[in-house]
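This is protein.csv. It holds CSV, C-alpha atoms.
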chain,number,residue,atom,x,y,z
S,35,MET,CA,0.0,-30.3,28.5
S,36,SER,CA,-2.6,-27.7,27.5
S,37,SER,CA,-1.5,-24.2,26.9
S,38,ILE,CA,-2.4,-21.4,29.3
S,39,VAL,CA,-3.3,-19.2,26.4
S,40,PRO,CA,-6.8,-19.7,25.1
S,41,ALA,CA,-6.8,-21.4,21.6
S,42,PRO,CA,-8.7,-18.5,19.8
S,43,ILE,CA,-6.0,-16.1,21.0
S,44,ALA,CA,-3.1,-18.4,20.3
S,45,ARG,CA,-4.3,-19.0,16.7
S,46,GLN,CA,-4.0,-15.3,15.8
S,47,PRO,CA,-1.1,-14.4,13.5
S,48,TRP,CA,1.0,-12.7,16.2
S,49,ALA,CA,4.0,-12.8,13.9
S,50,MET,CA,2.2,-10.0,12.0
S,51,LEU,CA,0.1,-8.5,14.7
S,52,PHE,CA,3.0,-7.7,17.1
S,53,PRO,CA,5.0,-5.6,14.6
S,54,LEU,CA,1.8,-4.0,13.4
S,55,LEU,CA,0.8,-2.9,16.9
S,56,ILE,CA,4.4,-1.5,17.3
S,57,LEU,CA,4.0,0.5,14.1
S,58,ILE,CA,0.6,1.8,15.1
S,59,GLY,CA,1.8,2.8,18.6
S,60,PHE,CA,5.0,4.4,17.2
S,61,GLY,CA,3.0,6.2,14.5
S,62,SER,CA,0.7,7.6,17.1
S,63,LEU,CA,3.6,9.0,19.1
S,64,VAL,CA,5.0,10.7,15.9
S,65,LEU,CA,1.6,12.1,15.0
S,66,TYR,CA,1.3,13.5,18.6
S,67,SER,CA,4.6,15.2,18.1
S,68,ALA,CA,3.8,16.4,14.6
S,69,ALA,CA,0.7,18.1,16.0
S,70,GLY,CA,2.8,20.0,18.5
S,71,GLY,CA,1.9,17.8,21.4
S,72,SER,CA,-1.8,17.4,20.7
S,73,TRP,CA,-3.4,13.9,20.9
S,74,THR,CA,-6.7,14.9,19.4
S,75,THR,CA,-5.4,16.5,16.1
S,76,TYR,CA,-4.1,13.3,14.4
S,77,ALA,CA,-3.2,10.6,16.8
S,78,GLU,CA,-6.6,9.9,18.2
S,79,ASN,CA,-8.2,9.5,14.8
S,80,HIS,CA,-5.2,7.3,13.8
S,81,VAL,CA,-5.9,4.8,16.6
S,82,VAL,CA,-9.7,4.8,16.2
S,83,ARG,CA,-9.4,4.2,12.4
S,84,PHE,CA,-6.9,1.3,13.1
S,85,LEU,CA,-9.3,-0.3,15.6
S,86,VAL,CA,-12.2,-0.1,13.2
S,87,PHE,CA,-10.2,-1.5,10.3
S,88,LEU,CA,-8.7,-4.2,12.5
S,89,VAL,CA,-12.2,-5.4,13.3
S,90,MET,CA,-12.8,-5.4,9.5
S,91,ALA,CA,-9.7,-7.4,8.9
S,92,PHE,CA,-10.8,-10.0,11.5
S,93,VAL,CA,-14.2,-10.2,9.8
S,94,MET,CA,-12.5,-10.7,6.4
S,95,SER,CA,-10.4,-13.5,7.8
S,96,ARG,CA,-13.5,-15.6,8.3
S,97,PHE,CA,-14.5,-15.5,4.6
S,98,THR,CA,-14.2,-18.8,2.8
S,99,LYS,CA,-12.3,-19.3,-0.4
S,100,GLU,CA,-15.5,-19.8,-2.3
S,101,MET,CA,-16.9,-16.5,-1.0
S,102,ALA,CA,-13.7,-14.6,-2.0
S,103,MET,CA,-13.7,-16.1,-5.5
S,104,PHE,CA,-17.5,-15.5,-5.9
S,105,PHE,CA,-17.2,-11.8,-5.0
S,106,ALA,CA,-14.0,-11.0,-6.9
S,107,PHE,CA,-15.6,-9.9,-10.2
S,108,PRO,CA,-18.6,-8.1,-8.6
S,109,ILE,CA,-16.3,-6.0,-6.4
S,110,TYR,CA,-14.1,-5.2,-9.3
S,111,GLY,CA,-17.1,-4.2,-11.4
S,112,VAL,CA,-18.5,-1.9,-8.7
S,113,LEU,CA,-15.2,-0.2,-8.2
S,114,VAL,CA,-14.8,0.4,-12.0
S,115,LEU,CA,-18.2,2.0,-12.0
S,116,LEU,CA,-17.2,4.2,-9.1
S,117,LEU,CA,-14.1,5.3,-10.9
S,118,VAL,CA,-16.3,6.3,-13.9
S,119,LEU,CA,-18.5,8.3,-11.5
S,120,VAL,CA,-15.4,10.0,-10.2
S,121,GLU,CA,-14.7,11.3,-13.7
S,122,ALA,CA,-18.4,12.4,-14.0
S,123,ILE,CA,-19.2,13.9,-10.6
S,124,GLY,CA,-16.1,13.5,-8.5
S,125,PHE,CA,-14.9,15.9,-5.9
S,126,VAL,CA,-11.9,18.0,-6.9
S,127,GLY,CA,-9.2,18.7,-4.3
S,128,GLY,CA,-5.6,19.8,-4.8
S,129,GLY,CA,-6.0,20.0,-8.5
S,130,SER,CA,-7.1,16.3,-8.8
S,131,GLN,CA,-10.5,14.7,-9.2
S,132,ARG,CA,-10.2,11.6,-7.1
S,133,TRP,CA,-13.1,11.5,-4.5
S,134,LEU,CA,-16.8,10.8,-4.3
S,135,ASN,CA,-18.7,12.9,-1.7
S,136,LEU,CA,-20.9,10.4,0.2
S,137,GLY,CA,-22.0,13.0,2.7
S,138,PHE,CA,-20.5,11.3,5.7
S,139,MET,CA,-17.1,10.7,4.1
S,140,GLN,CA,-15.0,11.4,1.0
S,141,LEU,CA,-14.5,8.0,-0.7
S,142,GLN,CA,-11.4,7.5,-3.0
S,143,PRO,CA,-12.3,4.4,-5.1
S,144,SER,CA,-8.8,4.2,-6.6
S,145,GLU,CA,-7.4,3.2,-3.2
S,146,LEU,CA,-9.8,0.3,-3.0
S,147,MET,CA,-8.9,-0.7,-6.6
S,148,LYS,CA,-5.4,-1.7,-5.5
S,149,PRO,CA,-6.4,-4.8,-3.6
S,150,ALA,CA,-9.4,-5.4,-5.9
S,151,VAL,CA,-7.1,-5.8,-9.0
S,152,VAL,CA,-5.0,-8.3,-7.1
S,153,LEU,CA,-8.2,-10.2,-6.1
S,154,VAL,CA,-9.7,-10.3,-9.6
S,155,LEU,CA,-6.5,-11.4,-11.3
S,156,ALA,CA,-5.9,-14.1,-8.7
S,157,ARG,CA,-9.5,-15.3,-9.4
S,158,PHE,CA,-8.9,-15.2,-13.2
S,159,TYR,CA,-5.6,-17.2,-13.0
S,160,ALA,CA,-7.0,-19.6,-10.4
S,161,ILE,CA,-9.6,-20.9,-12.9
S,162,LEU,CA,-7.5,-20.6,-16.0
S,163,PRO,CA,-6.2,-24.1,-17.2
S,164,ILE,CA,-2.5,-24.4,-16.7
S,165,GLY,CA,-2.0,-25.2,-20.4
S,166,MET,CA,-3.2,-21.7,-21.3
S,167,ILE,CA,-0.7,-19.8,-19.1
S,168,PRO,CA,2.0,-19.5,-21.9
S,169,THR,CA,-0.6,-18.3,-24.4
S,170,TRP,CA,-2.0,-14.9,-25.2
S,171,ARG,CA,-5.3,-16.0,-23.7
S,172,SER,CA,-3.7,-15.6,-20.3
S,173,LEU,CA,-2.3,-12.2,-21.1
S,174,VAL,CA,-4.9,-10.2,-23.0
S,175,PRO,CA,-7.9,-10.5,-20.5
S,176,ALA,CA,-5.6,-9.9,-17.5
S,177,ALA,CA,-4.0,-6.9,-19.2
S,178,ALA,CA,-7.5,-5.5,-19.8
S,179,LEU,CA,-8.7,-6.1,-16.2
S,180,MET,CA,-5.6,-4.2,-15.0
S,181,GLY,CA,-5.4,-1.6,-17.8
S,182,LEU,CA,-9.0,-0.3,-17.4
S,183,PRO,CA,-8.7,1.0,-13.8
S,184,VAL,CA,-5.1,2.2,-14.4
S,185,GLY,CA,-6.3,4.3,-17.3
S,186,LEU,CA,-9.3,5.7,-15.3
S,187,VAL,CA,-7.0,6.6,-12.4
S,188,LEU,CA,-4.5,8.3,-14.8
S,189,LEU,CA,-7.3,10.5,-15.9
S,190,GLN,CA,-7.8,11.9,-12.4
S,191,PRO,CA,-4.7,12.4,-12.6
S,192,ASP,CA,-3.0,10.2,-10.0
S,193,LEU,CA,0.2,8.7,-11.3
S,194,GLY,CA,1.3,7.2,-7.9
S,195,THR,CA,-2.0,5.2,-7.4
S,196,SER,CA,-2.0,4.0,-11.0
S,197,LEU,CA,1.5,2.7,-10.6
S,198,ALA,CA,0.5,0.9,-7.3
S,199,ILE,CA,-2.4,-0.8,-9.1
S,200,ALA,CA,-0.2,-1.9,-11.9
S,201,PHE,CA,2.5,-3.1,-9.6
S,202,GLY,CA,0.2,-5.5,-7.7
S,203,GLY,CA,-1.3,-6.7,-10.9
S,204,VAL,CA,2.0,-7.4,-12.6
S,205,VAL,CA,3.3,-9.3,-9.5
S,206,VAL,CA,0.2,-11.6,-9.7
S,207,MET,CA,0.8,-12.2,-13.4
S,208,PHE,CA,4.4,-13.0,-12.8
S,209,VAL,CA,3.7,-15.5,-10.0
S,210,ALA,CA,0.9,-17.0,-12.1
S,211,GLY,CA,3.7,-18.2,-14.4
S,212,LEU,CA,3.5,-16.0,-17.5
S,213,PRO,CA,6.6,-16.4,-19.7
S,214,ILE,CA,9.5,-14.3,-18.4
S,215,ARG,CA,10.2,-13.2,-22.0
S,216,TRP,CA,6.9,-11.2,-21.9
S,217,PHE,CA,8.0,-9.2,-18.9
S,218,LEU,CA,11.5,-8.6,-20.4
S,219,GLY,CA,9.8,-7.5,-23.7
S,220,ALA,CA,7.4,-5.2,-21.8
S,221,GLY,CA,10.4,-3.7,-19.9
S,222,ALA,CA,12.3,-3.1,-23.1
S,223,ALA,CA,9.3,-1.5,-24.7
S,224,GLY,CA,8.7,0.7,-21.6
S,225,ALA,CA,12.3,1.9,-21.7
S,226,VAL,CA,11.9,2.9,-25.4
S,227,LEU,CA,8.6,4.6,-24.9
S,228,ALA,CA,9.5,6.3,-21.6
S,229,PRO,CA,10.8,9.5,-23.2
S,230,LEU,CA,7.6,9.8,-25.2
S,231,ALA,CA,5.5,9.1,-22.2
S,232,PHE,CA,7.4,11.7,-20.2
S,233,PHE,CA,7.1,14.6,-22.7
S,234,PHE,CA,3.6,13.8,-24.0
S,235,GLY,CA,1.9,11.7,-21.3
S,236,LEU,CA,2.8,13.5,-18.1
S,237,LYS,CA,1.4,16.8,-17.0
S,238,GLU,CA,3.7,19.7,-16.4
S,239,TYR,CA,3.7,19.4,-12.6
S,240,GLN,CA,4.5,15.7,-12.9
S,241,GLN,CA,7.4,16.5,-15.2
S,242,LYS,CA,8.6,19.0,-12.6
S,243,ARG,CA,8.6,16.3,-10.0
S,244,VAL,CA,10.9,14.2,-12.0
S,245,PHE,CA,13.3,17.1,-12.7
S,246,THR,CA,13.2,17.9,-9.0
S,247,PHE,CA,14.0,14.4,-8.1
S,248,LEU,CA,17.1,14.4,-10.3
S,249,ASP,CA,18.3,17.7,-9.0
S,250,PRO,CA,16.4,19.0,-5.9
S,251,GLU,CA,19.1,21.5,-5.0
S,252,SER,CA,18.6,23.4,-8.2
S,253,ASP,CA,15.4,25.0,-6.7
S,254,PRO,CA,15.6,24.4,-2.9
S,255,LEU,CA,12.9,27.0,-2.1
S,256,GLY,CA,10.6,25.9,-4.9
S,257,ASP,CA,10.0,22.5,-6.4
S,258,GLY,CA,12.9,20.9,-4.5
S,259,TYR,CA,11.7,22.2,-1.1
S,260,HIS,CA,9.9,19.0,0.0
S,261,ILE,CA,12.8,16.7,-0.7
S,262,THR,CA,15.4,19.1,0.6
S,263,GLN,CA,13.7,19.6,4.0
S,264,SER,CA,13.0,15.9,4.3
S,265,LYS,CA,16.6,15.0,3.9
S,266,ILE,CA,17.6,17.8,6.4
S,267,ALA,CA,15.2,16.3,8.9
S,268,ILE,CA,16.4,12.8,8.5
S,269,GLY,CA,20.1,13.8,8.6
S,270,SER,CA,19.8,16.0,11.6
S,271,GLY,CA,18.4,13.1,13.7
S,272,GLY,CA,21.7,11.4,13.8
S,273,MET,CA,22.0,8.1,15.6
S,274,TRP,CA,19.5,8.6,18.4
S,275,GLY,CA,17.5,11.6,17.3
S,276,LYS,CA,16.8,15.0,19.0
S,277,GLY,CA,14.3,13.5,21.4
S,278,PHE,CA,10.5,13.0,21.5
S,279,ASN,CA,8.6,16.1,20.6
S,280,GLU,CA,11.8,18.0,20.0
S,281,GLY,CA,11.9,18.0,16.2
S,282,SER,CA,12.6,21.5,14.9
S,283,GLN,CA,11.9,20.8,11.2
S,284,SER,CA,8.3,19.7,11.8
S,285,HIS,CA,7.5,22.0,14.8
S,286,LEU,CA,8.8,25.1,13.0
S,287,ASN,CA,6.8,24.2,9.8
S,288,TYR,CA,9.9,23.7,7.6
S,289,LEU,CA,8.9,20.1,6.8
S,290,PRO,CA,5.8,19.9,4.6
S,291,GLU,CA,3.2,17.2,5.4
S,292,PRO,CA,5.0,16.0,8.5
S,293,HIS,CA,2.0,13.9,9.5
S,294,THR,CA,1.2,12.2,6.1
S,295,ASP,CA,3.7,11.7,3.3
S,296,PHE,CA,6.8,12.8,5.2
S,297,ILE,CA,6.0,11.2,8.6
S,298,PHE,CA,9.2,9.0,8.3
S,299,ALA,CA,11.3,12.2,8.2
S,300,THR,CA,9.4,13.5,11.2
S,301,MET,CA,10.2,10.3,13.1
S,302,ALA,CA,13.8,10.1,12.0
S,303,GLU,CA,14.5,13.7,13.3
S,304,GLU,CA,13.2,12.8,16.7
S,305,TRP,CA,14.2,9.1,17.0
S,306,GLY,CA,17.2,9.0,14.7
S,307,PHE,CA,18.7,6.1,12.9
S,308,PHE,CA,17.6,3.7,15.7
S,309,GLY,CA,14.0,4.7,15.2
S,310,GLY,CA,14.3,4.1,11.5
S,311,LEU,CA,15.7,0.6,12.1
S,312,VAL,CA,12.7,-0.2,14.4
S,313,VAL,CA,10.3,0.9,11.6
S,314,LEU,CA,12.2,-1.1,8.9
S,315,ALA,CA,12.3,-4.2,11.1
S,316,CYS,CA,8.6,-4.1,11.8
S,317,PHE,CA,7.8,-3.8,8.0
S,318,ALA,CA,10.3,-6.6,7.3
S,319,LEU,CA,8.5,-8.9,9.8
S,320,ILE,CA,5.1,-8.1,8.3
S,321,LEU,CA,6.1,-8.6,4.7
S,322,SER,CA,8.1,-11.8,5.5
S,323,TRP,CA,4.9,-13.1,7.2
S,324,GLY,CA,2.9,-12.3,4.1
S,325,LEU,CA,5.4,-14.2,1.9
S,326,ARG,CA,5.2,-17.2,4.2
S,327,VAL,CA,1.4,-17.2,4.0
S,328,ALA,CA,1.8,-17.3,0.2
S,329,ARG,CA,4.5,-20.0,0.3
S,330,TYR,CA,2.4,-22.3,2.6
S,331,SER,CA,-0.7,-22.0,0.5
S,332,ASN,CA,-1.6,-25.2,-1.3
S,333,ASP,CA,-3.9,-23.8,-3.9
S,334,ARG,CA,-3.3,-21.3,-6.7
S,335,PHE,CA,-5.9,-18.8,-5.7
S,336,GLY,CA,-4.6,-18.4,-2.2
S,337,LYS,CA,-0.9,-18.2,-3.3
S,338,LEU,CA,-1.6,-15.5,-5.9
S,339,LEU,CA,-3.9,-13.5,-3.6
S,340,ALA,CA,-1.4,-13.6,-0.7
S,341,THR,CA,1.6,-12.6,-2.9
S,342,GLY,CA,-0.3,-9.8,-4.6
S,343,MET,CA,-1.5,-8.3,-1.3
S,344,THR,CA,2.0,-8.5,0.2
S,345,ALA,CA,3.4,-6.8,-2.9
S,346,THR,CA,0.8,-4.0,-2.6
S,347,VAL,CA,1.9,-3.2,1.0
S,348,PHE,CA,5.5,-3.5,-0.1
S,349,PHE,CA,4.9,-0.9,-2.9
S,350,TYR,CA,3.5,1.6,-0.3
S,351,VAL,CA,6.5,1.1,2.0
S,352,ALA,CA,9.2,1.1,-0.6
S,353,ILE,CA,8.0,4.2,-2.6
S,354,ASN,CA,7.3,6.3,0.5
S,355,LEU,CA,10.7,5.6,2.1
S,356,MET,CA,12.5,6.2,-1.2
S,357,MET,CA,10.5,9.4,-1.7
S,358,VAL,CA,11.4,10.9,1.7
S,359,MET,CA,15.1,10.1,1.2
S,360,GLY,CA,15.2,11.6,-2.2
S,361,LEU,CA,15.5,8.3,-4.1
S,362,ALA,CA,12.2,8.6,-5.9
S,363,PRO,CA,10.0,11.5,-7.1
S,364,VAL,CA,7.4,12.9,-4.7
S,365,VAL,CA,4.2,11.0,-5.7
S,366,GLY,CA,2.0,11.4,-2.6
S,367,ILE,CA,2.1,7.9,-1.2
S,368,PRO,CA,1.8,7.7,2.6
S,369,LEU,CA,3.7,5.3,4.9
S,370,PRO,CA,1.4,2.4,5.9
S,371,PHE,CA,0.2,2.2,9.5
S,372,MET,CA,2.1,5.4,10.5
S,373,SER,CA,0.8,8.2,8.3
S,374,HIS,CA,-2.4,10.0,9.1
S,375,GLY,CA,-5.1,9.2,6.6
S,376,GLY,CA,-8.1,6.9,6.4
S,377,SER,CA,-7.8,5.8,2.7
S,378,SER,CA,-4.3,4.4,3.1
S,379,MET,CA,-5.1,2.7,6.4
S,380,MET,CA,-8.2,1.1,4.9
S,381,THR,CA,-6.4,-0.2,1.8
S,382,ASN,CA,-3.5,-1.7,3.8
S,383,MET,CA,-5.8,-3.3,6.4
S,384,ILE,CA,-7.7,-4.9,3.5
S,385,CYS,CA,-4.5,-6.3,2.4
S,386,LEU,CA,-3.7,-7.7,5.8
S,387,GLY,CA,-7.2,-8.9,6.2
S,388,SER,CA,-6.9,-10.8,3.0
S,389,LEU,CA,-3.6,-12.3,4.2
S,390,MET,CA,-5.2,-13.4,7.4
S,391,MET,CA,-8.0,-15.0,5.4
S,392,VAL,CA,-5.5,-17.0,3.3
S,393,SER,CA,-3.6,-17.9,6.5
S,394,ARG,CA,-6.8,-19.3,7.9
S,395,TRP,CA,-7.4,-21.3,4.7
S,396,ASN,CA,-3.9,-22.8,5.1
S,397,ARG,CA,-4.5,-23.8,8.7
S,398,TYR,CA,-7.7,-25.7,7.9
S,399,ALA,CA,-6.6,-27.1,4.5
S,400,PRO,CA,-6.0,-30.8,4.2
S,401,GLN,CA,-2.5,-31.6,5.4
S,402,SER,CA,-0.2,-31.7,2.4
S,403,GLY,CA,3.1,-30.8,4.0
S,404,LEU,CA,2.7,-27.1,3.1
S,405,ALA,CA,-0.4,-26.0,4.8
S,406,ARG,CA,-0.1,-24.1,8.1
Produce structure tokens that represent the structure in this file.
Amino acid sequence: MSSIVPAPIARQPWAMLFPLLILIGFGSLVLYSAAGGSWTTYAENHVVRFLVFLVMAFVMSRFTKEMAMFFAFPIYGVLVLLLVLVEAIGFVGGGSQRWLNLGFMQLQPSELMKPAVVLVLARFYAILPIGMIPTWRSLVPAAALMGLPVGLVLLQPDLGTSLAIAFGGVVVMFVAGLPIRWFLGAGAAGAVLAPLAFFFGLKEYQQKRVFTFLDPESDPLGDGYHITQSKIAIGSGGMWGKGFNEGSQSHLNYLPEPHTDFIFATMAEEWGFFGGLVVLACFALILSWGLRVARYSNDRFGKLLATGMTATVFFYVAINLMMVMGLAPVVGIPLPFMSHGGSSMMTNMICLGSLMMVSRWNRYAPQSGLAR
């Protein structure tokens, strides 16, 4: 018996789209409240940007595997060039040089580099003979492809984005099958070099963020203000929250950046523990769908690409939630699909568009018991 739902609609990845739409709608309500009951300040732009980037994601989902592999290195090369231009003629804002002024918008190339590194490394390992995986020839070129943009982003300086780029790249390298001893060795070396990197590699304000994270109460009106107010907002929400548009921390301007980095604290104050569970459940559904797409892929490129894109979204979610709860230093990473901001929305929708693309490859791949 034929389904009442048209086939093109039924084929869409609703396991991801339903929780995504809930996050967008919920985020719009929180942004409405953060603006003091104004729809046009943040919420309207949030919805418009999502619709534009959703169309982009659907267009991306139509790309063939051959097209994605062909454009991997050109996209990477163009973005490296843009990062170099940022250092030369970039727009300075908030003490950092991260943007290029295109006239109609401020472009942040480092945001686009997060999915681009995943794409180029997936391409590199997809064509590398399996026998070379345990050798240095699988490590040195990949480390260079990842290290170049990470170094350029660190010069801006932007520690949070550089860590996000590195995280996605390392996940791809791990899934590609590089020996586990290399990762253990890198971790041990990182632990030894961490004190030197802290004192000689980080700028003074970055060091303060770490000290503040370790003891925010030591300066509650200074460096620890953000974390302190965020924890107050989350804790005061209780089980069910204070009610929609009733949050005192954001409305009385105690909570900094209530519409961007600390939007989860804004939400938790008004919607409480229950609202937090809804947000976490939606992210869990999206991320589990991404991992299923990777698991059901029957080729190396699709598997690496899907895993890396899922890891990139996970990094955003995990670091932001840890940051607002005082479990990580404040590094300026917004919450995907809820925070106001075009760059974050664009990056995460590129990740989802890539996952939709791999999902479509799986659906039309020759049946092997794994394709979906």
**Distance in Å - CA of Gly202 (chain S) versus CA of Thr381 (chain S)** =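 These two atoms are separated by 12.7 Å.
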**Message:** I'd like to know which of S:Ala318, S:Met391, S:Ala222, S:Val312 is closest to Lys99 (chain S), using all atoms listed in the file.
**Reply:**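 For Lys99 (chain S), the nearest of the given residues is S:Met391.
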**Prompt:** Do you know which residues lie at most 8 Å from (-10.8, -10.5, 6.8), with coordinates as in the file and all atoms listed in the file counted, and could you write them as a ChimeraX atom specification?
**Reply:** /S:90-97,384,386-391
**Request:** Measuring atom to atom with all atoms listed in the file, identify which of S:Ala302, S:Val244, S:Ile297, S:Ile199 is nearest to Gly275 (chain S).
**Result:** S:Ala302
**Between CA of Leu338 (chain S) and CA of Ile161 (chain S) - distance in Å to one decimal** =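 According to the coordinates, CA of Ile161 (chain S) and CA of Leu338 (chain S) are separated by 11.9 Å.
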Draw an axis-aligned box over all listed atoms of region 176-182 of chain S, pad each side with 8 Å, and write its centre and edge lengths in Å, one decimal, as AutoDock Vina command-line options.
--center_x -6.5 --center_y -5.1 --center_z -17.4 --size_x 21.0 --size_y 25.6 --size_z 20.8
**Atomic separation - CA of Leu314 (chain S) relative to CA of Met356 (chain S), Å** =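 One can read the CA of Met356 (chain S) to CA of Leu314 (chain S) distance as 12.5 Å.
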**Message:** Which residues are close to Trp48 (chain S), i.e. within 12 Å by only C-alpha atoms, leaving aside same-chain residues fewer than 6 positions away? Reply as a list in words.
**Reply:** Pro42, Leu54, Leu55, Ile56, Leu319, Ile320, Trp323, Met390 and Ser393 of chain S
Create the file for the chosen residues now, containing C-alpha atoms and written as a PDB file, keeping the file's coordinate frame.
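Written output follows (again-v4.pdb):
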ATOM      1  CA  PRO S  42      -8.700 -18.500  19.800  1.00  0.00           C
ATOM      2  CA  LEU S  54       1.800  -4.000  13.400  1.00  0.00           C
ATOM      3  CA  LEU S  55       0.800  -2.900  16.900  1.00  0.00           C
ATOM      4  CA  ILE S  56       4.400  -1.500  17.300  1.00  0.00           C
ATOM      5  CA  LEU S 319       8.500  -8.900   9.800  1.00  0.00           C
ATOM      6  CA  ILE S 320       5.100  -8.100   8.300  1.00  0.00           C
ATOM      7  CA  TRP S 323       4.900 -13.100   7.200  1.00  0.00           C
ATOM      8  CA  MET S 390      -5.200 -13.400   7.400  1.00  0.00           C
ATOM      9  CA  SER S 393      -3.600 -17.900   6.500  1.00  0.00           C
TER      10      SER S 393
END
**Asked** Within 12 Å of region 347-351 of chain S, counting all atoms listed in the file, which residues qualify if same-chain residues fewer than 3 places away don't, as a VMD selection string?
**Response** chain S and resid 145 148 to 149 152 194 to 203 205 295 298 313 to 314 316 to 322 324 to 325 340 to 344 354 to 358 365 to 373 378 to 389
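Closest approach to Pro191 (chain S) among S:Trp133, S:Ser72, S:Val174, S:Phe335 is made by S:Trp133 (distances from all atoms listed in the file).
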**Item:** Selected residue of minimal separation from Ile266 (chain S) among S:Leu51, S:Met359, S:Leu88, S:Leu230, counting only C-alpha atoms
**Value:** S:Met359
**Message:** From the options S:Ile268, S:Leu155, S:Leu63, S:Leu113, which residue's atoms come nearest to Arg334 (chain S), counting all atoms listed in the file?
**Reply:**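 Selected residue with least distance to Arg334 (chain S): S:Leu155.
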